[in-house]
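This is structure-v9.txt. It holds compact mmCIF, C-alpha atoms.
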# COMPACT_ATOMS: atom_id res chain seq x y z
CA MET A 1 285.21 38.03 -0.31
CA GLU A 2 287.58 40.82 0.86
CA LYS A 3 287.89 42.29 -2.60
CA LYS A 4 284.15 42.81 -2.84
CA GLN A 5 284.10 44.63 0.50
CA LEU A 6 286.92 46.92 -0.58
CA THR A 7 285.16 47.84 -3.81
CA LEU A 8 281.97 48.58 -1.89
CA THR A 9 283.89 50.77 0.56
CA LYS A 10 285.56 52.57 -2.31
CA ALA A 11 282.23 53.18 -4.00
CA ALA A 12 280.65 54.37 -0.77
CA PHE A 13 283.56 56.68 -0.18
CA LEU A 14 283.37 58.07 -3.71
CA LEU A 15 279.63 58.56 -3.36
CA LEU A 16 280.16 60.41 -0.11
CA LEU A 17 282.82 62.57 -1.74
CA VAL A 18 280.55 63.47 -4.62
CA ALA A 19 277.72 64.24 -2.24
CA LEU A 20 279.95 66.50 -0.18
CA VAL A 21 281.21 68.37 -3.23
CA ALA A 22 277.66 68.87 -4.48
CA LEU A 23 276.63 70.16 -1.08
CA GLY A 24 279.68 72.39 -0.88
CA SER A 25 279.11 74.04 -4.24
CA LYS A 26 275.44 74.55 -3.44
CA THR A 27 276.43 76.40 -0.30
CA ALA A 28 278.76 78.63 -2.26
CA GLN A 29 276.07 79.41 -4.81
CA ALA A 30 273.51 80.24 -2.13
CA GLY A 31 275.65 83.40 -1.81
CA SER A 32 277.17 85.06 1.21
CA PRO A 33 277.17 88.74 0.18
CA SER A 34 279.15 89.68 3.22
CA SER A 35 282.32 88.12 1.85
CA ALA A 36 281.80 88.66 -1.89
CA ALA A 37 283.84 91.37 -3.58
CA ARG A 38 282.00 94.26 -5.21
CA GLU A 39 283.10 96.54 -8.01
CA VAL A 40 282.80 100.17 -9.02
CA LYS A 41 283.79 101.15 -12.53
CA ILE A 42 285.30 104.55 -13.23
CA ASP A 43 284.66 105.76 -16.76
CA ASN A 44 283.62 108.96 -18.55
CA PHE A 45 284.30 111.04 -15.44
CA SER A 46 281.78 109.05 -13.35
CA PHE A 47 281.55 106.23 -10.82
CA THR A 48 279.24 103.34 -11.74
CA PRO A 49 277.20 102.30 -9.84
CA ASN A 50 276.99 105.76 -8.32
CA THR A 51 275.53 104.41 -5.08
CA LEU A 52 276.56 100.91 -4.04
CA THR A 53 275.00 99.12 -1.09
CA VAL A 54 277.07 96.38 0.53
CA ALA A 55 277.17 94.27 3.67
CA ALA A 56 279.78 95.02 6.34
CA GLY A 57 282.97 93.12 5.61
CA THR A 58 282.76 93.62 1.85
CA THR A 59 285.80 94.63 -0.14
CA VAL A 60 284.96 97.17 -2.84
CA THR A 61 287.34 97.52 -5.80
CA TRP A 62 287.37 100.58 -8.03
CA THR A 63 288.82 100.15 -11.53
CA ASN A 64 289.69 103.15 -13.70
CA SER A 65 288.61 102.45 -17.27
CA ASP A 66 288.75 106.12 -18.26
CA ASP A 67 291.56 107.54 -20.38
CA ILE A 68 292.26 110.17 -17.73
CA PRO A 69 293.63 109.57 -14.18
CA HIS A 70 291.24 109.77 -11.22
CA THR A 71 291.35 109.25 -7.45
CA VAL A 72 288.93 107.82 -4.90
CA VAL A 73 288.82 109.92 -1.71
CA SER A 74 286.22 109.65 1.03
CA VAL A 75 284.80 112.92 2.32
CA ASP A 76 285.33 111.89 5.96
CA LYS A 77 288.93 110.83 5.19
CA THR A 78 288.27 107.12 5.88
CA PHE A 79 289.96 106.06 2.67
CA LYS A 80 292.09 107.68 0.00
CA SER A 81 293.58 106.13 -3.12
CA LYS A 82 296.76 107.16 -4.88
CA VAL A 83 296.22 108.53 -8.36
CA LEU A 84 294.78 105.81 -10.61
CA ASP A 85 295.79 105.83 -14.26
CA THR A 86 293.89 103.76 -16.87
CA ASP A 87 293.43 100.14 -15.63
CA ASP A 88 294.73 100.90 -12.12
CA LYS A 89 292.67 99.61 -9.19
CA PHE A 90 291.99 100.60 -5.61
CA SER A 91 290.35 98.39 -2.97
CA TYR A 92 288.94 99.07 0.47
CA THR A 93 287.24 96.70 2.91
CA PHE A 94 284.26 98.23 4.70
CA THR A 95 283.93 96.82 8.21
CA LYS A 96 281.73 99.49 9.83
CA PRO A 97 278.15 100.18 8.73
CA GLY A 98 277.41 103.69 7.53
CA THR A 99 277.22 105.90 4.43
CA TYR A 100 280.56 106.78 2.88
CA SER A 101 280.46 109.67 0.40
CA TYR A 102 283.52 109.92 -1.78
CA PHE A 103 284.79 111.92 -4.77
CA CYS A 104 287.65 112.24 -7.21
CA SER A 105 290.04 114.83 -5.73
CA VAL A 106 291.30 115.71 -9.23
CA HIS A 107 287.81 116.22 -10.71
CA PRO A 108 285.67 116.99 -7.65
CA LYS A 109 282.40 117.05 -9.60
CA MET A 110 282.74 113.23 -9.73
CA THR A 111 281.03 111.90 -6.62
CA GLY A 112 279.79 108.52 -5.39
CA LYS A 113 278.49 106.72 -2.32
CA ILE A 114 279.01 103.37 -0.60
CA VAL A 115 276.24 102.39 1.81
CA VAL A 116 277.40 99.71 4.25
CA GLN A 117 274.68 97.75 6.05
CA MET B 1 295.81 144.76 -46.17
CA PRO B 2 295.14 145.68 -42.52
CA ASP B 3 291.58 146.47 -41.56
CA TYR B 4 291.41 149.85 -39.78
CA ILE B 5 288.48 150.29 -37.44
CA VAL B 6 287.66 153.92 -36.75
CA HIS B 7 284.43 154.30 -34.76
CA ASP B 8 285.34 155.75 -31.38
CA HIS B 9 281.98 156.46 -29.72
CA ASN B 10 283.19 156.45 -26.11
CA HIS B 11 286.22 158.57 -26.92
CA ASP B 12 288.49 156.10 -25.18
CA GLY B 13 290.35 154.88 -28.19
CA ILE B 14 288.44 151.64 -28.38
CA ASP B 15 286.06 150.79 -31.18
CA ARG B 16 284.03 148.25 -29.16
CA ARG B 17 282.25 146.70 -32.11
CA GLY B 18 285.54 146.45 -33.91
CA PHE B 19 287.21 145.02 -30.81
CA LEU B 20 284.56 142.32 -30.46
CA LYS B 21 284.87 141.59 -34.17
CA CYS B 22 288.59 141.27 -33.69
CA MET B 23 288.15 139.00 -30.68
CA ALA B 24 285.80 136.79 -32.72
CA TRP B 25 288.47 136.48 -35.38
CA ALA B 26 291.05 135.53 -32.81
CA GLY B 27 289.84 131.95 -32.65
CA THR B 28 290.61 131.50 -36.31
CA GLY B 29 294.08 132.93 -36.04
CA ALA B 30 293.76 136.69 -36.38
CA PHE B 31 296.29 139.02 -34.82
CA CYS B 32 294.97 142.22 -33.25
CA VAL B 33 297.18 145.03 -32.09
CA LEU B 34 296.28 148.32 -30.45
CA GLN B 35 298.45 151.07 -31.84
CA GLY B 36 297.93 154.77 -31.32
CA GLY B 37 294.43 154.09 -30.06
CA VAL B 38 293.39 152.30 -33.19
CA LEU B 39 292.72 148.60 -33.38
CA LYS B 40 294.47 146.91 -36.25
CA SER B 41 293.84 143.35 -37.17
CA PHE B 42 295.73 141.09 -39.49
CA ALA B 43 294.97 137.59 -40.66
CA LEU B 44 297.59 135.31 -39.19
CA ASN B 45 299.13 134.39 -42.53
CA GLN B 46 299.81 138.08 -43.07
CA VAL B 47 301.40 138.46 -39.64
CA TYR B 48 304.48 136.48 -40.48
CA GLY B 49 305.15 138.69 -43.49
CA GLN B 50 304.77 142.00 -41.64
CA HIS B 51 307.64 144.15 -40.55
CA ALA B 52 308.20 143.52 -36.84
CA ASP B 53 307.78 147.22 -35.91
CA SER B 54 304.29 147.51 -37.31
CA LEU B 55 303.19 144.70 -34.99
CA LYS B 56 305.13 145.71 -31.94
CA GLY B 57 303.33 146.80 -28.83
CA GLU B 58 305.29 147.72 -25.74
CA LEU B 59 305.11 144.32 -24.18
CA SER B 60 304.40 141.01 -25.79
CA PHE B 61 304.32 137.60 -24.17
CA VAL B 62 303.01 134.15 -24.96
CA GLN B 63 300.71 131.83 -23.04
CA ILE B 64 300.90 128.06 -23.48
CA SER B 65 298.89 125.54 -21.51
CA ASP B 66 298.05 121.92 -20.74
CA SER B 67 301.15 120.21 -22.13
CA HIS B 68 300.23 117.01 -20.19
CA ILE B 69 303.69 115.46 -20.57
CA GLY B 70 303.21 111.74 -19.87
CA PHE B 71 299.87 111.41 -21.67
CA ASN B 72 300.06 108.73 -24.38
CA LYS B 73 296.53 107.66 -25.34
CA PRO B 74 294.99 107.75 -28.86
CA ALA B 75 293.95 111.42 -28.66
CA ASN B 76 297.70 112.19 -28.87
CA PRO B 77 300.35 109.45 -28.60
CA ASP B 78 303.17 112.04 -28.76
CA VAL B 79 302.61 115.09 -26.59
CA ILE B 80 306.33 115.93 -26.71
CA ALA B 81 306.17 116.39 -30.48
CA THR B 82 303.20 118.75 -30.30
CA LEU B 83 304.84 120.75 -27.49
CA GLN B 84 307.96 121.04 -29.66
CA ALA B 85 305.75 122.32 -32.50
CA ALA B 86 304.35 124.94 -30.12
CA VAL B 87 307.89 125.98 -29.15
CA ALA B 88 308.78 126.31 -32.85
CA LYS B 89 305.70 128.47 -33.30
CA ILE B 90 306.79 130.76 -30.44
CA ASN B 91 310.29 131.05 -31.87
CA ALA B 92 308.85 132.00 -35.29
CA LEU B 93 306.88 135.00 -33.98
CA PRO B 94 308.00 138.29 -35.57
CA THR B 95 308.32 139.85 -32.10
CA PRO B 96 310.08 137.51 -29.65
CA PRO B 97 308.03 137.33 -26.44
CA SER B 98 309.48 138.97 -23.34
CA PHE B 99 308.46 135.84 -21.41
CA VAL B 100 306.12 132.87 -21.52
CA LEU B 101 303.28 131.93 -19.15
CA HIS B 102 302.38 128.25 -18.74
CA THR B 103 298.89 128.01 -17.25
CA GLY B 104 299.18 124.51 -15.83
CA ASP B 105 298.89 120.75 -16.37
CA LEU B 106 302.57 120.77 -17.24
CA SER B 107 302.61 117.01 -16.56
CA HIS B 108 299.95 114.34 -16.80
CA LEU B 109 300.70 112.34 -13.63
CA SER B 110 303.02 114.63 -11.60
CA LYS B 111 305.93 112.23 -12.25
CA PRO B 112 309.52 113.52 -11.96
CA GLU B 113 310.42 112.20 -15.42
CA GLU B 114 307.46 114.10 -16.90
CA PHE B 115 308.61 117.36 -15.33
CA ASP B 116 312.16 116.57 -16.56
CA ALA B 117 310.97 116.03 -20.13
CA LEU B 118 309.02 119.29 -20.05
CA ASP B 119 312.09 121.19 -18.84
CA GLN B 120 314.11 119.74 -21.71
CA VAL B 121 311.64 120.86 -24.38
CA LEU B 122 311.12 124.33 -22.90
CA LYS B 123 314.88 124.95 -22.89
CA GLY B 124 314.39 125.53 -26.63
CA VAL B 125 312.09 128.53 -26.20
CA LYS B 126 313.74 131.81 -27.20
CA THR B 127 312.65 133.92 -24.27
CA SER B 128 314.16 135.21 -21.04
CA ARG B 129 311.85 133.49 -18.57
CA ILE B 130 308.93 131.09 -18.23
CA PHE B 131 306.39 131.57 -15.43
CA PHE B 132 304.14 128.71 -14.28
CA VAL B 133 300.98 128.01 -12.35
CA PRO B 134 300.03 124.39 -11.55
CA GLY B 135 297.14 122.38 -12.94
CA GLU B 136 295.37 119.59 -11.04
CA HIS B 137 297.58 117.05 -12.87
CA ASP B 138 300.71 118.66 -11.37
CA VAL B 139 299.74 118.29 -7.71
CA LEU B 140 298.74 114.63 -7.49
CA ASN B 141 299.81 112.59 -4.43
CA ASP B 142 301.76 115.34 -2.67
CA ASN B 143 299.62 118.51 -2.62
CA GLY B 144 302.04 120.16 -5.02
CA LYS B 145 305.26 119.80 -3.02
CA GLN B 146 307.28 118.56 -5.99
CA TYR B 147 305.74 121.18 -8.30
CA ARG B 148 306.67 124.01 -5.94
CA GLU B 149 310.24 122.75 -5.53
CA ARG B 150 310.73 122.76 -9.29
CA PHE B 151 308.56 125.60 -10.60
CA GLY B 152 307.43 127.54 -7.54
CA LYS B 153 310.55 129.32 -6.36
CA ASP B 154 309.73 132.83 -5.07
CA THR B 155 306.07 131.92 -4.68
CA VAL B 156 303.91 132.22 -1.59
CA GLY B 157 301.58 129.74 0.10
CA ALA B 158 300.61 126.95 -2.27
CA GLY B 159 302.39 128.62 -5.21
CA TRP B 160 300.82 132.03 -5.90
CA TYR B 161 302.80 135.18 -6.72
CA SER B 162 302.89 138.45 -8.63
CA PHE B 163 305.41 140.40 -10.67
CA ASP B 164 305.60 143.54 -12.79
CA GLN B 165 306.71 143.97 -16.37
CA LYS B 166 306.69 147.29 -18.24
CA GLY B 167 304.07 148.71 -15.88
CA VAL B 168 301.73 145.71 -16.18
CA HIS B 169 301.01 143.80 -12.96
CA PHE B 170 300.92 140.00 -13.38
CA ILE B 171 299.29 137.73 -10.81
CA GLY B 172 299.66 133.92 -10.84
CA LEU B 173 296.97 132.12 -8.83
CA VAL B 174 296.56 128.48 -7.75
CA ASN B 175 293.01 127.12 -7.88
CA VAL B 176 293.64 123.37 -8.07
CA LEU B 177 294.29 122.44 -4.42
CA ASN B 178 291.97 121.50 -1.51
CA LEU B 179 289.12 120.85 -3.90
CA LYS B 180 285.84 119.92 -2.19
CA ALA B 181 283.54 117.07 -3.20
CA GLY B 182 281.04 118.27 -5.79
CA GLY B 183 282.87 121.58 -6.15
CA LEU B 184 284.76 123.51 -8.79
CA GLY B 185 288.21 125.10 -8.65
CA SER B 186 289.12 126.82 -5.39
CA LEU B 187 291.36 129.72 -4.36
CA GLY B 188 290.81 129.61 -0.58
CA HIS B 189 290.83 132.28 2.11
CA GLU B 190 294.59 132.59 2.51
CA GLN B 191 295.15 133.24 -1.19
CA LEU B 192 292.20 135.64 -1.46
CA GLU B 193 293.51 137.68 1.48
CA TRP B 194 296.94 137.76 -0.14
CA LEU B 195 295.40 138.92 -3.44
CA GLU B 196 293.48 141.73 -1.76
CA ARG B 197 296.70 142.99 -0.12
CA ASP B 198 298.72 142.50 -3.31
CA VAL B 199 296.65 144.93 -5.43
CA LYS B 200 295.58 147.30 -2.66
CA HIS B 201 298.12 150.05 -3.36
CA LEU B 202 298.20 149.84 -7.15
CA LYS B 203 296.82 152.70 -9.19
CA SER B 204 293.55 151.85 -10.93
CA SER B 205 295.20 152.65 -14.24
CA THR B 206 297.67 149.76 -13.79
CA PRO B 207 296.85 147.04 -16.32
CA ILE B 208 296.37 143.72 -14.55
CA VAL B 209 296.91 140.24 -15.97
CA VAL B 210 295.73 137.32 -13.82
CA PHE B 211 296.65 133.80 -14.81
CA ALA B 212 295.43 130.54 -13.24
CA HIS B 213 294.76 127.02 -14.48
CA ILE B 214 291.00 126.50 -14.07
CA PRO B 215 288.84 129.30 -15.52
CA LEU B 216 288.06 131.93 -12.88
CA TRP B 217 284.65 132.48 -14.49
CA THR B 218 281.95 129.86 -14.78
CA VAL B 219 282.31 128.29 -18.21
CA TYR B 220 280.47 124.98 -17.62
CA PRO B 221 279.91 123.86 -14.02
CA ASP B 222 278.74 120.31 -14.85
CA TRP B 223 282.25 119.58 -16.09
CA GLY B 224 283.98 121.44 -13.26
CA TRP B 225 284.90 124.36 -15.56
CA GLY B 226 284.82 127.22 -13.08
CA THR B 227 286.13 128.43 -9.70
CA ASP B 228 283.87 128.46 -6.63
CA ASP B 229 285.40 131.65 -5.18
CA GLY B 230 286.56 133.20 -8.47
CA ALA B 231 283.96 135.96 -8.23
CA GLN B 232 285.41 137.00 -4.85
CA ALA B 233 288.85 137.43 -6.44
CA LEU B 234 287.37 139.59 -9.18
CA THR B 235 285.84 142.01 -6.68
CA TYR B 236 289.38 143.05 -5.67
CA LEU B 237 290.08 143.88 -9.32
CA LYS B 238 286.83 145.70 -10.07
CA ARG B 239 288.35 149.20 -9.86
CA PHE B 240 291.10 148.59 -12.41
CA GLY B 241 290.69 149.96 -15.92
CA SER B 242 292.11 146.91 -17.67
CA VAL B 243 292.02 143.35 -16.39
CA THR B 244 292.93 140.34 -18.51
CA VAL B 245 292.28 136.86 -17.12
CA LEU B 246 294.19 134.04 -18.81
CA ASN B 247 293.26 130.43 -18.04
CA GLY B 248 293.72 126.90 -19.41
CA HIS B 249 292.20 123.58 -18.29
CA ILE B 250 289.44 123.31 -20.91
CA HIS B 251 291.76 122.70 -23.89
CA GLN B 252 289.93 125.10 -26.21
CA THR B 253 289.68 128.83 -26.65
CA MET B 254 286.84 130.69 -25.07
CA GLN B 255 286.44 134.43 -24.54
CA LYS B 256 284.24 136.76 -22.58
CA VAL B 257 284.39 140.51 -22.16
CA GLU B 258 282.64 141.92 -19.09
CA GLY B 259 283.16 145.62 -18.50
CA ASN B 260 286.89 146.15 -18.07
CA VAL B 261 287.64 142.44 -17.71
CA THR B 262 288.59 140.23 -20.64
CA PHE B 263 288.51 136.49 -19.93
CA HIS B 264 290.40 134.16 -22.22
CA THR B 265 291.17 130.42 -22.18
CA ALA B 266 293.95 128.86 -24.23
CA MET B 267 294.20 125.73 -26.36
CA SER B 268 296.25 122.82 -25.06
CA THR B 269 299.49 121.79 -26.72
CA ALA B 270 298.57 118.13 -26.06
CA PHE B 271 294.97 117.25 -26.97
CA PRO B 272 291.62 118.97 -27.54
CA GLN B 273 288.55 118.50 -25.36
CA PRO B 274 284.91 118.68 -26.46
CA GLN B 275 282.87 121.87 -26.39
CA PRO B 276 280.56 122.13 -23.38
CA GLY B 277 277.70 119.64 -23.42
CA THR B 278 278.66 118.04 -26.75
CA ALA B 279 280.04 114.83 -25.20
CA PRO B 280 279.29 112.67 -22.14
CA SER B 281 282.40 113.96 -20.37
CA PRO B 282 285.25 116.47 -20.82
CA GLY B 283 287.90 113.83 -21.58
CA PRO B 284 290.51 113.84 -24.37
CA LEU B 285 288.87 114.21 -27.77
CA LYS B 286 290.18 112.10 -30.60
CA VAL B 287 289.79 113.95 -33.90
CA PRO B 288 290.69 113.14 -37.53
CA ALA B 289 294.43 113.51 -38.23
CA GLU B 290 293.98 116.40 -40.65
CA LYS B 291 292.08 118.42 -38.05
CA PHE B 292 294.28 117.58 -35.04
CA ARG B 293 296.95 120.30 -35.09
CA SER B 294 294.40 123.03 -35.82
CA LEU B 295 292.90 122.37 -32.36
CA LEU B 296 296.19 122.76 -30.48
CA GLY B 297 298.07 126.03 -30.19
CA ILE B 298 299.62 128.98 -28.37
CA THR B 299 298.32 132.44 -27.41
CA ASP B 300 300.18 135.65 -28.17
CA VAL B 301 299.42 138.74 -26.06
CA ASP B 302 300.38 142.28 -26.93
CA TYR B 303 300.17 145.46 -24.83
CA VAL B 304 300.63 149.10 -25.73
CA ARG B 305 301.07 151.53 -22.84
CA GLY B 306 298.08 153.73 -22.17
CA ARG B 307 295.64 151.52 -24.01
CA HIS B 308 292.78 149.78 -22.20
CA SER B 309 292.92 146.25 -23.39
CA LEU B 310 295.62 143.80 -24.26
CA ALA B 311 295.41 142.21 -27.68
CA VAL B 312 295.03 138.47 -27.26
CA THR B 313 295.52 136.22 -30.27
CA ASP B 314 295.23 132.45 -30.48
CA SER B 315 297.51 130.74 -32.94
CA PRO B 316 296.86 127.08 -33.80
CA LEU B 317 299.77 124.75 -34.60
CA ALA B 318 298.31 124.32 -38.07
CA ILE B 319 295.52 126.09 -39.89
As structure tokens - that is how I would like this structure written.
Amino acid sequence: MEKKQLTLTKAAFLLLLVALVALGSKTAQAGSPSSAAREVKIDNFSFTPNTLTVAAGTTVTWTNSDDIPHTVVSVDKTFKSKVLDTDDKFSYTFTKPGTYSYFCSVHPKMTGKIVVQ
Amino acid sequence: MPDYIVHDHNHDGIDRRGFLKCMAWAGTGAFCVLQGGVLKSFALNQVYGQHADSLKGELSFVQISDSHIGFNKPANPDVIATLQAAVAKINALPTPPSFVLHTGDLSHLSKPEEFDALDQVLKGVKTSRIFFVPGEHDVLNDNGKQYRERFGKDTVGAGWYSFDQKGVHFIGLVNVLNLKAGGLGSLGHEQLEWLERDVKHLKSSTPIVVFAHIPLWTVYPDWGWGTDDGAQALTYLKRFGSVTVLNGHIHQTMQKVEGNVTFHTAMSTAFPQPQPGTAPSPGPLKVPAEKFRSLLGITDVDYVRGRHSLAVTDSPLAI
């Protein structure tokens, strides 16, 4: 008699566990853009995407895939990377809404924008 | 057999059509010298066989540029070797240069070991002195502090300066600092004011040579090949009878003659870059091995006192 109860409890527990996991993953998939990381690729002397719109709290990561070093410097001096050689990365977390224009201080014709909502 | 050009319509000792013809040849390795008011040109393979006196002006110097020590991608995995080839080329000139000008991008990432390696190679140049101006790759992370400590002794402000040699006034300018978003090269107010004062009391007959990294004239703005306030600098030099502007940055030769001003850009000793508009961006250009060394090189400049223009000749590492 006891053994049957235990097995039932185990099954119920397992079922609950599975249900919770399913629910959990669904929540993750539903997407919370505010905490997802976003990327900007640097290649061929340009930033792609050139204008990136993100929610406040997002961390943006720039990756230099070009064969020449570049930098990421905001016009209003909010953020400034060290020089990035090929495959180097720079990240910045945007907490305040606004439009952040930036450029490469080595090749100033390269410009980009992060719009934080 | 030298090609004597003898049409002297303006009675100033310059055969302009011949001069332009000579300048056009320069890209393929011709050597032009002004002697006794007559322009003589020689194909480069003849130059090395000529008696040194027949090629001598009163002052000769060499320009090298864009050595990018530290670069190691496919376009050139060994920039030290090609710089050494350029040094060998300088040392093989029939007239040893009085000095050498390096028009910037000495290093690729402004690293101390890159500057060290450059110093080591340049110790082999047979000349009395090497003068430098920085490129944007030499002033990363520290606004040029390290560059100035090593190569900017006796300079003013961010690294500009002038000096005289055999009656020619040389001016080294810095146009790679404080660059603005979306802009080109920049000289800035302080440097422009210094330049105006520097040339103020010179006689208009003084030949002027200006050297800076980014072209002072607008070559191709989309790729940043120009200087926002370059035109302002040139207004201070307008009255001079002979102005030669020597630049680097674009890793290819380009020439323009405008009145008394001759603009000239040098090849890199490290890697070529594409011609304006022929590629998505101005990055390092990988070319077939057999073509590679013909796109790198040095520039030899010759001056004869009393003549209007300096003779500027580009010499590739290989033809």
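We find atom CA of B:Gly297 and atom CA of B:Thr265 to be spaced 11.4 Å apart.
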Could you give me, as a tab-separated table, a per-residue list for chain B showing, wherever an atom lies at most 10 Å from an atom of chain A, the closest pair of atoms and their distance in Å to one decimal, using only C-alpha atoms and sorting by chain then residue number from low to high?
residue	atom	partner	partner_atom	distance
B:Phe71	CA	A:Ile68	CA	8.7
B:Asn72	CA	A:Asp67	CA	9.5
B:Lys73	CA	A:Asp67	CA	7.0
B:Pro74	CA	A:Asp67	CA	9.1
B:Ala75	CA	A:Asp67	CA	9.5
B:His108	CA	A:Pro69	CA	8.3
B:Leu109	CA	A:Pro69	CA	7.6
B:Ser110	CA	A:Val83	CA	9.7
B:Gly135	CA	A:Val106	CA	9.6
B:Glu136	CA	A:Val106	CA	5.9
B:His137	CA	A:Val106	CA	7.4
B:Val139	CA	A:Val106	CA	9.0
B:Leu140	CA	A:Val83	CA	6.7
B:Asn141	CA	A:Lys82	CA	6.2
B:Asp142	CA	A:Lys82	CA	9.8
B:Val176	CA	A:Val106	CA	8.1
B:Leu177	CA	A:Val106	CA	8.8
B:Asn178	CA	A:Ser105	CA	8.1
B:Leu179	CA	A:Ser105	CA	6.4
B:Lys180	CA	A:Pro108	CA	6.2
B:Ala181	CA	A:Pro108	CA	4.9
B:Gly182	CA	A:Lys109	CA	4.2
B:Gly183	CA	A:Pro108	CA	5.6
B:Leu184	CA	A:Pro108	CA	6.7
B:Gly185	CA	A:Pro108	CA	8.6
B:Pro221	CA	A:Lys109	CA	8.5
B:Asp222	CA	A:Lys109	CA	7.2
B:Trp223	CA	A:Lys109	CA	7.0
B:Gly224	CA	A:Lys109	CA	5.9
B:Trp225	CA	A:Lys109	CA	9.8
B:Ala279	CA	A:Asn44	CA	9.6
B:Pro280	CA	A:Asn44	CA	6.7
B:Ser281	CA	A:Asn44	CA	5.5
B:Pro282	CA	A:Phe45	CA	7.7
B:Gly283	CA	A:Ile68	CA	6.9
B:Pro284	CA	A:Asp67	CA	7.5
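Reported to one decimal place, the separation of atom CA of B:Val209 from atom CA of B:Gly167 is 11.1 Å.
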*Can you find the residues with an atom no farther than 10 Å from (276.9, 106.5, 3.7), counting all atoms listed in the file, and report them as a ChimeraX atom specification?*
/A:51-53,97-102,112-117
*Identify which of the residues B:Val287, B:Ala158, B:Leu93, B:Ala86 lies closest to B:Ser268, counting all atoms listed in the file when measuring atom-to-atom distances.*
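Among the listed residues, the smallest separation from B:Ser268 belongs to B:Ala86.
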*Could you work out how far atom CA of B:Leu195 lies from atom CA of B:Phe263, giving the answer in Å with one decimal?*
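Spanning atom CA of B:Phe263 to atom CA of B:Leu195 is a straight-line distance of 18.0 Å.
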*Find the spatial neighbours of B:Phe61, counting only C-alpha atoms, within a cut-off of 9 Å - ignore same-chain residues fewer than 2 positions away - and output them as an MDAnalysis selection string.*
chainID B and resid 59 63 96:101 299:303
*Find the residues near B:Val243: any atom within 9 Å, counting only C-alpha atoms, skip ones fewer than 5 places away on the same chain, and give them as number ranges by chain.*
B: 206-210, 237-238, 260-263, 308-310
Listed atoms of stretch 194-210 of chain B boxed along x, y and z, 3 Å each side, centre and edge lengths in Å, one decimal, as lines of an AutoDock Vina configuration file:
center_x = 296.1
center_y = 145.0
center_z = -8.2
size_x = 11.2
size_y = 21.4
size_z = 22.2
_Nearest candidate to B:Gln255 (options B:Thr218, B:Thr227, B:Gln232, B:Gln146; using all atoms listed in the file)_ =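 Smallest separation from B:Gln255 among the options: B:Thr218.
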_Counting only C-alpha atoms, the option among B:Gln84, B:Ser162, B:Thr127, B:Asn175 closest to B:Asn247_ = B:Asn175
